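Structure file data_34.cif; described as mmCIF, C-alpha atoms and all ligand atoms.
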data_query
loop_
_atom_site.label_atom_id
_atom_site.label_comp_id
_atom_site.auth_asym_id
_atom_site.auth_seq_id
_atom_site.Cartn_x
_atom_site.Cartn_y
_atom_site.Cartn_z
CA MET A 1 -17.23 9.75 10.98
CA THR A 2 -19.26 12.87 11.63
CA LEU A 3 -22.11 12.77 14.12
CA PRO A 4 -24.96 13.06 11.53
CA CYS A 5 -23.27 10.26 9.61
CA ARG A 6 -23.12 8.09 12.70
CA ILE A 7 -26.81 8.69 13.39
CA ALA A 8 -27.66 7.83 9.78
CA LEU A 9 -25.60 4.64 10.02
CA ALA A 10 -27.23 3.68 13.31
CA ALA A 11 -30.65 4.32 11.78
CA SER A 12 -29.86 2.21 8.74
CA LEU A 13 -28.63 -0.64 10.95
CA VAL A 14 -31.89 -0.59 12.93
CA PHE A 15 -33.79 -0.53 9.63
CA ALA A 16 -31.82 -3.48 8.32
CA THR A 17 -32.90 -5.64 11.20
CA LEU A 18 -36.58 -4.81 10.60
CA ILE A 19 -36.92 -5.39 6.87
CA PRO A 20 -35.20 -7.72 4.40
CA VAL A 21 -32.22 -6.13 2.63
CA PRO A 22 -33.25 -5.17 -0.92
CA ALA A 23 -30.92 -6.52 -3.58
CA GLN A 24 -29.89 -3.06 -4.82
CA SER A 25 -28.80 -1.73 -1.43
CA PRO A 26 -25.17 -1.88 -0.29
CA GLY A 27 -24.72 -5.25 1.29
CA GLY A 28 -27.43 -6.84 -0.86
CA VAL A 29 -26.66 -9.73 -3.18
CA LYS A 30 -24.80 -8.81 -6.34
CA ALA A 31 -23.58 -10.89 -9.26
CA PHE A 32 -20.76 -9.58 -11.45
CA THR A 33 -20.85 -11.53 -14.69
CA GLY A 34 -18.91 -12.08 -17.89
CA ALA A 35 -15.42 -10.80 -17.03
CA ARG A 36 -12.15 -12.65 -17.20
CA VAL A 37 -11.13 -12.94 -13.55
CA ILE A 38 -7.54 -13.11 -12.35
CA ASP A 39 -8.31 -14.15 -8.78
CA GLY A 40 -4.84 -13.55 -7.34
CA THR A 41 -4.20 -17.20 -6.52
CA ASP A 42 -2.12 -19.50 -8.72
CA ARG A 43 -5.27 -20.53 -10.57
CA THR A 44 -5.36 -19.71 -14.30
CA PRO A 45 -7.61 -16.75 -15.17
CA ILE A 46 -11.31 -17.65 -15.30
CA ASP A 47 -13.05 -16.71 -18.54
CA ASN A 48 -16.67 -15.58 -18.48
CA ALA A 49 -16.62 -15.65 -14.69
CA THR A 50 -19.33 -14.90 -12.18
CA ILE A 51 -18.59 -13.32 -8.81
CA VAL A 52 -21.42 -13.46 -6.28
CA VAL A 53 -21.21 -10.94 -3.43
CA ARG A 54 -23.32 -10.79 -0.30
CA GLY A 55 -22.84 -8.39 2.59
CA GLY A 56 -19.71 -7.02 0.94
CA LYS A 57 -17.99 -10.41 0.83
CA ILE A 58 -17.47 -12.90 -1.95
CA VAL A 59 -19.80 -15.88 -1.72
CA ALA A 60 -18.67 -17.62 -4.89
CA VAL A 61 -16.35 -17.01 -7.82
CA GLY A 62 -15.92 -19.28 -10.84
CA PRO A 63 -16.93 -19.95 -14.42
CA GLY A 64 -20.41 -18.60 -15.15
CA ALA A 65 -21.61 -22.10 -16.04
CA SER A 66 -20.82 -23.44 -12.56
CA VAL A 67 -21.82 -20.54 -10.29
CA THR A 68 -25.51 -20.13 -9.43
CA VAL A 69 -26.72 -16.54 -9.21
CA PRO A 70 -29.24 -16.26 -6.36
CA ALA A 71 -32.74 -15.14 -7.32
CA GLY A 72 -33.20 -11.39 -6.86
CA ALA A 73 -29.50 -10.61 -7.09
CA GLU A 74 -28.50 -7.35 -8.72
CA ARG A 75 -26.61 -8.21 -11.90
CA ILE A 76 -23.63 -6.17 -13.07
CA ALA A 77 -22.41 -7.13 -16.55
CA LEU A 78 -18.63 -6.97 -17.02
CA THR A 79 -18.42 -8.68 -20.40
CA GLY A 80 -15.09 -8.07 -22.13
CA LYS A 81 -13.47 -6.73 -18.95
CA HIS A 82 -10.58 -8.03 -16.86
CA VAL A 83 -10.95 -8.24 -13.08
CA ILE A 84 -8.04 -8.29 -10.61
CA PRO A 85 -8.02 -8.17 -6.81
CA GLY A 86 -7.83 -4.64 -5.43
CA LEU A 87 -4.20 -3.54 -5.08
CA VAL A 88 -2.63 -3.64 -1.62
CA ASN A 89 -0.03 -0.99 -0.82
CA ALA A 90 2.12 -2.49 1.93
CA HIS A 91 3.85 0.82 2.71
CA GLY A 92 1.88 4.05 2.46
CA HIS A 93 0.95 7.00 4.65
CA VAL A 94 -2.31 8.91 5.03
CA GLY A 95 -3.79 12.05 6.49
CA ASN A 96 -0.70 14.22 6.93
CA THR A 97 -0.26 16.17 3.75
CA VAL A 98 -1.90 19.27 2.30
CA GLY A 99 -0.19 20.41 -0.90
CA MET A 100 3.54 20.58 -0.15
CA GLU A 101 2.99 20.79 3.61
CA GLN A 102 3.22 17.94 6.10
CA GLY A 103 1.95 17.64 9.66
CA LYS A 104 -1.65 18.47 8.74
CA TYR A 105 -3.24 15.29 10.10
CA SER A 106 -7.03 15.35 10.15
CA ALA A 107 -9.97 12.98 9.75
CA ASP A 108 -10.93 14.75 6.51
CA ASN A 109 -7.44 14.26 5.11
CA VAL A 110 -7.48 10.57 6.04
CA LEU A 111 -10.74 10.04 4.15
CA ARG A 112 -9.59 12.17 1.22
CA ASP A 113 -6.46 10.02 0.88
CA LEU A 114 -8.37 6.76 1.18
CA ARG A 115 -10.71 7.89 -1.60
CA THR A 116 -7.78 8.88 -3.80
CA TYR A 117 -6.10 5.50 -3.34
CA ALA A 118 -9.40 3.79 -4.14
CA ALA A 119 -9.87 5.77 -7.36
CA TYR A 120 -6.65 4.22 -8.69
CA GLY A 121 -7.53 0.68 -7.65
CA VAL A 122 -5.49 0.63 -4.43
CA THR A 123 -8.16 -0.80 -2.13
CA THR A 124 -5.98 -1.47 0.93
CA VAL A 125 -3.29 0.77 2.38
CA TYR A 126 -0.98 -0.32 5.15
CA SER A 127 0.26 2.89 6.71
CA LEU A 128 3.74 2.65 8.17
CA GLY A 129 3.65 5.56 10.53
CA ASP A 130 2.48 8.99 11.61
CA ASP A 131 -1.04 7.71 12.23
CA GLN A 132 -3.28 9.50 14.69
CA GLU A 133 -6.69 8.85 16.22
CA ALA A 134 -8.68 9.49 13.03
CA GLY A 135 -6.69 6.79 11.23
CA PHE A 136 -7.35 4.26 14.00
CA LYS A 137 -11.04 5.19 13.84
CA ALA A 138 -11.10 4.72 10.07
CA ARG A 139 -9.59 1.26 10.53
CA ASP A 140 -12.00 0.32 13.30
CA THR A 141 -15.11 1.23 11.30
CA GLN A 142 -14.23 -0.27 7.92
CA ASN A 143 -15.44 -3.85 8.24
CA VAL A 144 -18.89 -2.96 6.97
CA PRO A 145 -20.75 -3.89 3.76
CA THR A 146 -21.22 -0.18 2.93
CA LEU A 147 -17.50 0.64 2.61
CA ASP A 148 -16.52 2.43 -0.60
CA ARG A 149 -13.05 3.82 0.19
CA SER A 150 -9.71 2.07 0.71
CA ARG A 151 -9.12 -0.04 3.78
CA LEU A 152 -6.51 1.30 6.18
CA TYR A 153 -4.13 -0.32 8.66
CA VAL A 154 -2.00 1.78 10.96
CA ALA A 155 1.34 1.82 12.78
CA GLY A 156 0.75 4.84 15.02
CA PRO A 157 3.81 7.05 15.57
CA VAL A 158 7.19 6.04 14.15
CA LEU A 159 9.18 5.16 17.27
CA ALA A 160 12.43 7.01 17.95
CA PRO A 161 13.41 6.05 21.51
CA LYS A 162 16.73 7.21 22.97
CA THR A 163 17.29 4.34 25.43
CA PRO A 164 16.31 0.64 25.62
CA ASP A 165 13.96 1.45 28.52
CA GLU A 166 12.27 4.14 26.51
CA ALA A 167 12.05 1.70 23.60
CA ARG A 168 10.11 -0.81 25.70
CA LYS A 169 7.86 1.91 27.07
CA GLN A 170 7.04 3.23 23.58
CA VAL A 171 6.29 -0.24 22.26
CA GLY A 172 3.90 -0.64 25.19
CA GLU A 173 2.17 2.56 24.16
CA VAL A 174 1.62 1.60 20.50
CA ALA A 175 0.47 -1.85 21.64
CA ALA A 176 -2.07 -0.18 23.95
CA MET A 177 -3.26 1.95 21.01
CA LYS A 178 -3.83 -1.31 19.12
CA ALA A 179 -1.55 -0.38 16.27
CA ASP A 180 -1.20 -3.06 13.60
CA ILE A 181 2.59 -2.99 13.52
CA VAL A 182 5.57 -1.18 15.11
CA LYS A 183 7.62 1.07 12.83
CA ILE A 184 11.19 2.23 13.34
CA ARG A 185 13.89 3.86 11.23
CA VAL A 186 17.45 2.57 11.20
CA ASP A 187 19.07 5.08 8.89
CA ASP A 188 21.42 8.07 8.95
CA ASN A 189 19.81 9.82 5.95
CA LEU A 190 22.97 9.63 3.83
CA GLY A 191 25.19 10.45 6.79
CA SER A 192 23.27 13.54 7.89
CA THR A 193 21.61 12.26 11.10
CA PRO A 194 22.49 9.81 13.89
CA LYS A 195 21.35 6.23 13.33
CA MET A 196 19.34 4.25 15.90
CA ALA A 197 21.80 2.17 17.95
CA PRO A 198 21.59 -1.65 17.91
CA GLU A 199 20.73 -1.89 21.64
CA ILE A 200 17.72 0.36 20.99
CA TYR A 201 16.26 -1.49 18.00
CA LYS A 202 16.97 -4.80 19.72
CA ALA A 203 14.86 -3.63 22.67
CA VAL A 204 12.08 -2.44 20.32
CA ILE A 205 11.97 -5.76 18.48
CA ASP A 206 12.22 -7.87 21.63
CA GLU A 207 9.43 -5.95 23.37
CA ALA A 208 7.22 -5.95 20.26
CA HIS A 209 7.56 -9.71 19.93
CA LYS A 210 6.68 -10.14 23.60
CA LYS A 211 3.49 -8.22 22.83
CA ASN A 212 2.82 -10.28 19.69
CA MET A 213 3.53 -7.37 17.38
CA ARG A 214 5.66 -7.27 14.25
CA VAL A 215 8.31 -4.63 13.55
CA ALA A 216 8.71 -2.89 10.19
CA VAL A 217 12.11 -1.30 9.63
CA HIS A 218 12.97 1.64 7.41
CA LEU A 219 16.55 1.18 6.24
CA PHE A 220 18.98 2.00 3.44
CA TYR A 221 22.18 0.01 3.99
CA LEU A 222 22.82 -3.71 3.44
CA GLU A 223 24.72 -4.08 6.72
CA ASP A 224 21.76 -2.61 8.64
CA ALA A 225 19.41 -5.03 6.88
CA LYS A 226 21.51 -7.93 8.13
CA ALA A 227 21.75 -6.50 11.64
CA VAL A 228 18.01 -5.86 12.03
CA LEU A 229 17.15 -9.25 10.54
CA ASP A 230 19.55 -10.81 13.01
CA ALA A 231 17.69 -8.93 15.76
CA GLY A 232 14.36 -10.31 14.53
CA ALA A 233 12.91 -7.59 12.25
CA ASP A 234 9.69 -8.72 10.57
CA PHE A 235 9.32 -6.45 7.54
CA ILE A 236 11.89 -4.60 5.42
CA ALA A 237 10.10 -1.38 4.51
CA HIS A 238 12.46 -0.08 1.78
CA SER A 239 14.97 -1.35 -0.75
CA VAL A 240 18.58 -1.96 0.17
CA ARG A 241 20.16 0.86 -1.83
CA ASP A 242 23.87 1.01 -1.03
CA ALA A 243 25.04 -2.39 -2.21
CA GLU A 244 24.02 -5.52 -4.02
CA VAL A 245 22.14 -7.97 -1.81
CA ASP A 246 24.23 -11.07 -1.10
CA ASP A 247 23.57 -14.70 -0.23
CA ALA A 248 23.83 -13.94 3.48
CA VAL A 249 20.94 -11.47 3.50
CA ILE A 250 18.90 -13.66 1.13
CA GLY A 251 19.35 -16.55 3.57
CA MET A 252 18.27 -14.38 6.50
CA LEU A 253 15.13 -13.18 4.69
CA LYS A 254 14.28 -16.71 3.65
CA ARG A 255 14.83 -18.36 7.01
CA ARG A 256 12.07 -16.38 8.71
CA ASP A 257 10.03 -15.65 5.56
CA VAL A 258 10.54 -11.87 5.96
CA CYS A 259 9.01 -9.73 3.22
CA TYR A 260 10.82 -6.98 1.35
CA CYS A 261 9.06 -3.81 0.22
CA PRO A 262 10.92 -2.02 -2.63
CA THR A 263 9.27 1.48 -2.58
CA LEU A 264 10.94 2.34 -5.90
CA MET A 265 8.67 5.36 -6.39
CA ARG A 266 9.96 6.81 -3.12
CA GLU A 267 13.40 7.04 -4.75
CA VAL A 268 11.91 8.49 -7.93
CA SER A 269 10.24 11.25 -5.91
CA THR A 270 13.59 12.33 -4.47
CA PHE A 271 15.02 13.43 -7.82
CA VAL A 272 12.34 13.42 -10.52
CA TYR A 273 11.24 17.02 -9.91
CA GLU A 274 14.59 18.33 -11.17
CA SER A 275 12.51 18.80 -14.32
CA THR A 276 8.81 18.52 -15.13
CA PRO A 277 7.91 14.81 -15.37
CA ALA A 278 6.10 13.67 -18.51
CA TRP A 279 3.25 12.28 -16.41
CA PHE A 280 2.34 15.82 -15.28
CA SER A 281 0.28 15.93 -18.49
CA ASP A 282 -1.36 12.50 -18.05
CA PRO A 283 -5.14 12.97 -17.58
CA LEU A 284 -5.23 9.96 -15.24
CA PHE A 285 -2.72 11.70 -12.96
CA LEU A 286 -4.33 15.13 -13.27
CA LYS A 287 -7.72 13.77 -12.23
CA HIS A 288 -6.69 13.72 -8.57
CA ALA A 289 -3.45 15.73 -8.37
CA ASP A 290 -3.59 19.07 -6.57
CA ALA A 291 -3.09 21.87 -9.12
CA LYS A 292 -1.27 24.15 -6.69
CA THR A 293 1.20 21.40 -5.81
CA LEU A 294 1.94 20.89 -9.50
CA GLU A 295 2.60 24.60 -9.97
CA GLN A 296 5.05 24.51 -7.07
CA LEU A 297 6.84 21.45 -8.43
CA LYS A 298 7.19 23.19 -11.80
CA GLU A 299 8.91 26.27 -10.31
CA PRO A 300 12.33 26.64 -11.99
CA ALA A 301 14.12 27.54 -8.74
CA ARG A 302 12.81 24.41 -7.01
CA GLN A 303 13.77 22.24 -9.98
CA THR A 304 17.29 23.70 -10.09
CA ALA A 305 17.72 23.13 -6.37
CA MET A 306 16.77 19.49 -6.80
CA LYS A 307 19.09 19.10 -9.76
CA ASN A 308 21.96 20.43 -7.62
CA SER A 309 21.04 18.45 -4.54
CA ARG A 310 23.67 15.86 -3.61
CA SER A 311 21.16 13.70 -1.80
CA ALA A 312 18.84 13.70 -4.83
CA GLN A 313 21.67 12.47 -7.02
CA ARG A 314 22.65 9.81 -4.47
CA TYR A 315 19.08 8.53 -4.23
CA LYS A 316 18.95 8.48 -8.03
CA ALA A 317 21.96 6.17 -8.02
CA GLY A 318 20.35 4.23 -5.16
CA LEU A 319 17.35 3.52 -7.36
CA GLU A 320 19.53 1.62 -9.83
CA VAL A 321 20.85 -0.53 -6.98
CA ALA A 322 17.28 -1.01 -5.74
CA ASN A 323 16.12 -2.19 -9.17
CA ARG A 324 18.86 -4.81 -9.37
CA ASN A 325 18.23 -5.96 -5.80
CA LEU A 326 14.52 -6.35 -6.45
CA LYS A 327 15.17 -8.65 -9.40
CA LYS A 328 17.77 -10.65 -7.51
CA LEU A 329 15.55 -11.12 -4.43
CA SER A 330 12.53 -12.01 -6.54
CA ASP A 331 14.57 -14.62 -8.42
CA ALA A 332 15.76 -15.99 -5.08
CA GLY A 333 12.15 -16.54 -4.01
CA ILE A 334 11.93 -13.77 -1.42
CA LYS A 335 8.38 -12.50 -0.94
CA ILE A 336 8.09 -9.00 -2.38
CA ALA A 337 5.36 -6.75 -0.94
CA MET A 338 4.41 -3.95 -3.33
CA GLY A 339 4.77 -0.64 -1.51
CA THR A 340 5.53 2.93 -2.46
CA ASP A 341 5.88 5.15 0.62
CA THR A 342 3.27 7.51 -0.86
CA GLY A 343 1.50 10.14 1.22
CA PRO A 344 4.27 12.65 2.02
CA PRO A 345 4.34 15.76 -0.24
CA ALA A 346 4.93 15.09 -3.96
CA ARG A 347 4.45 11.34 -3.50
CA PHE A 348 1.10 11.04 -5.19
CA GLN A 349 -1.20 8.38 -3.76
CA GLY A 350 -2.81 6.01 -6.23
CA TYR A 351 -1.01 7.12 -9.37
CA PHE A 352 2.39 6.29 -7.86
CA GLU A 353 1.25 2.75 -7.07
CA LEU A 354 0.41 2.24 -10.76
CA MET A 355 3.87 3.60 -11.65
CA GLU A 356 5.45 1.33 -9.02
CA LEU A 357 3.98 -1.69 -10.83
CA GLU A 358 5.59 -0.49 -14.06
CA MET A 359 8.91 0.13 -12.30
CA MET A 360 8.86 -3.42 -10.91
CA ALA A 361 8.24 -4.77 -14.40
CA LYS A 362 11.10 -2.65 -15.71
CA ALA A 363 13.32 -4.12 -13.01
CA GLY A 364 12.69 -7.52 -14.57
CA LEU A 365 9.63 -9.02 -12.90
CA THR A 366 6.92 -10.52 -15.10
CA PRO A 367 3.44 -8.91 -15.05
CA LYS A 368 2.23 -12.00 -13.18
CA GLN A 369 4.90 -11.57 -10.49
CA VAL A 370 4.19 -7.86 -10.19
CA LEU A 371 0.48 -8.46 -9.82
CA ALA A 372 1.02 -11.19 -7.20
CA SER A 373 3.29 -8.85 -5.25
CA ALA A 374 0.66 -6.08 -5.35
CA THR A 375 -2.25 -8.28 -4.27
CA ARG A 376 -1.88 -11.66 -2.58
CA ASP A 377 1.71 -11.27 -1.41
CA ALA A 378 1.37 -7.73 -0.06
CA ALA A 379 -1.69 -8.90 1.89
CA ARG A 380 0.06 -12.01 3.21
CA CYS A 381 3.15 -10.00 4.13
CA GLN A 382 0.99 -7.70 6.28
CA LYS A 383 -1.02 -10.62 7.70
CA LEU A 384 -4.27 -9.48 6.07
CA ASN A 385 -6.40 -12.57 5.60
CA ASP A 386 -9.55 -11.11 4.06
CA VAL A 387 -8.13 -9.20 1.08
CA GLY A 388 -5.56 -9.78 -1.67
CA THR A 389 -7.32 -12.57 -3.57
CA LEU A 390 -10.81 -13.08 -4.96
CA GLU A 391 -12.04 -16.15 -3.10
CA ALA A 392 -15.07 -17.03 -1.03
CA ASN A 393 -15.23 -15.27 2.35
CA LYS A 394 -12.87 -12.44 1.31
CA TRP A 395 -14.03 -8.86 0.89
CA ALA A 396 -15.25 -8.11 -2.63
CA ASP A 397 -12.47 -5.59 -3.32
CA PHE A 398 -11.54 -5.63 -7.00
CA VAL A 399 -10.56 -3.56 -10.02
CA VAL A 400 -12.29 -3.82 -13.38
CA LEU A 401 -9.87 -3.17 -16.26
CA ASP A 402 -10.45 -2.60 -19.97
CA ALA A 403 -7.36 -4.61 -20.95
CA ASP A 404 -5.34 -7.60 -19.75
CA PRO A 405 -2.72 -6.70 -17.10
CA LEU A 406 -0.93 -10.03 -17.65
CA ALA A 407 -0.21 -8.96 -21.24
CA ASN A 408 1.11 -5.58 -20.12
CA ILE A 409 1.23 -4.36 -16.52
CA SER A 410 0.47 -0.81 -17.77
CA ASN A 411 -3.04 -2.04 -18.47
CA THR A 412 -3.68 -1.57 -14.73
CA ARG A 413 -4.07 2.10 -15.72
CA LYS A 414 -7.08 1.25 -17.89
CA ILE A 415 -9.50 1.31 -14.99
CA SER A 416 -13.17 0.86 -15.82
CA ALA A 417 -14.36 0.67 -12.20
CA VAL A 418 -13.15 -0.09 -8.68
CA TYR A 419 -15.30 -2.03 -6.21
CA ILE A 420 -14.78 -2.15 -2.46
CA ALA A 421 -16.99 -4.55 -0.49
CA GLY A 422 -18.88 -4.84 -3.78
CA ASN A 423 -19.60 -1.08 -3.83
CA LYS A 424 -18.43 1.11 -6.69
CA ALA A 425 -15.83 3.62 -5.51
CA ALA A 426 -15.85 7.17 -6.89
CA GLN A 427 -13.43 7.65 -9.80
ZN ZN B 501 7.20 5.50 4.91
#

Please render this file's structure as structure tokens.
Amino acid sequence: MTLPCRIALAASLVFATLIPVPAQSPGGVKAFTGARVIDGTDRTPIDNATIVVRGGKIVAVGPGASVTVPAGAERIALTGKHVIPGLVNAHGHVGNTVGMEQGKYSADNVLRDLRTYAAYGVTTVYSLGDDQEAGFKARDTQNVPTLDRSRLYVAGPVLAPKTPDEARKQVGEVAAMKADIVKIRVDDNLGSTPKMAPEIYKAVIDEAHKKNMRVAVHLFYLEDAKAVLDAGADFIAHSVRDAEVDDAVIGMLKRRDVCYCPTLMREVSTFVYESTPAWFSDPLFLKHADAKTLEQLKEPARQTAMKNSRSAQRYKAGLEVANRNLKKLSDAGIKIAMGTDTGPPARFQGYFELMELEMMAKAGLTPKQVLASATRDAARCQKLNDVGTLEANKWADFVVLDADPLANISNTRKISAVYIAGNKAAQ
């Protein structure tokens, strides 16, 4: 937050204590009426629902006939619309990318990204690494009734210690920063780099647990999934992409209720720019995509290089394995946390999450399962208690759609408005 902004906020807080909050101001009482509400719980959708919001949080949600709208509340009519909880991306990244360049972390970029996510209905982003001070600050200042961009949670740096001692020291550092989770990579990038040794990730996980922190693990191989789960890993941050998941790994995930985050769009981004994707002409995508980036991705030389890239072709094959594994794990009752790994160059925030939902449906999940994974389950998996469903005492983060997402998950693209803490986000 800039200094003038902070002064303005301080002034408005002083003001708020002196005079009653007018209904129309952020944080005042609002009543959203007439929509069909899918609240994200197992409850059947509520027709002609009323959602009452005060101070950015839901006070009541239910059929219009049974919810009393307080006198003086601002009324927002949503007749004929469909309301879902704001989407939760359990694996994203913010602040680092400008065009096709990475390593450009800044407060402005963090806010830009959080606004982009919000425009597409992704109202919470759990960043799994490369977070700096501005990201922590954004997280620490977001529990306010005036919020109108996505909520952010942060992992701090991705840890890459070389010894068990260093592992414990680095965990201590991210704990001191008050990161929300510890992130590590256990991968050899298709055989091109050394993989973190078991004694190192064991030390990371052990030390994190001693400090009451969870560990999210980037991985690729089934055998690594088993090994890190055996060591106590708390969150599987990508699909298993080398082999079909078996009963052993399903049992390990189940036993400790560990969530699995498919990031199917991450795979797509590794090979899709071998030609110009059809969605490059979708107005919904173009609304927030950087024109210069698109020009670069359309360059014939770049597309040919991707087409001839061995790793691109291996990740393309990996996506097919990932799709089958997602369906198998979902059928087995494993909790799936919708996540995309967006944020790095050419992984477009917001739009990719909407495509991820469609990919999950294509993999065999029902729209209801996909929606649960992208709202309640993603929130539960990341231990977020005040988002993910539309219930009393949760933040009023929701998406207003023109069509029913339970009939067709692609209807999540038909966004009429996005509300965060009851405030309309910029489209
Ligand atoms: Zn990532």

message: Please find the residues contacting ligand ZN 501 (chain B) at a distance of at most 9 Å between atoms, with only C-alpha atoms and all ligand atoms counted, and report them as an MDAnalysis selection string.
response: chainID A and resid 91:93 127:130 218 237:238 263 266 340:344

message: What's around stretch 76-84 of chain A at 10 Å? Count only C-alpha atoms, leave out sequence neighbours fewer than 2 positions away in its own chain, and write the answer as a ChimeraX atom specification.
response: /A:30-40,45-51,73-74,86-87,121,371,375,388-390,397-406,411-412,414-418

- request: Point out the residue among A:Ser239, A:Lys195, A:Ile184, A:Leu253 with the least atom-to-atom distance to A:Val215, counting only C-alpha atoms.
  value: A:Ile184

- line: re atom CA of A:Ser330 and atom CA of A:Asn385: distance 22.5 Å

- prompt: Quick one: of A:Tyr419, A:Tyr273, A:Pro85, A:Ala312, who's nearest to A:Thr41, counting all atoms listed in the file?
  reply: A:Pro85

field: Near-A:Pro145 list (9 Å; all atoms listed in the file; drop same-chain fewer than 4 positions) as a ChimeraX atom specification
entry: /A:26-28,54-57,395,420-423

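Across A:Asp377, A:Asp234, A:Glu320, A:Asp290, the tightest approach to A:Thr97 is made by A:Asp290 when counting all atoms listed in the file.
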
query: Distance atom CA of A:Arg112-atom CA of A:Leu284, one decimal place?
result: 17.2 Å

message: Under the rule that only C-alpha atoms are counted, which of A:Lys307, A:Lys211, A:Lys316, A:Arg347 is the nearest residue to A:Val94?
response: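 Closest to A:Val94, using only C-alpha atoms: A:Arg347.
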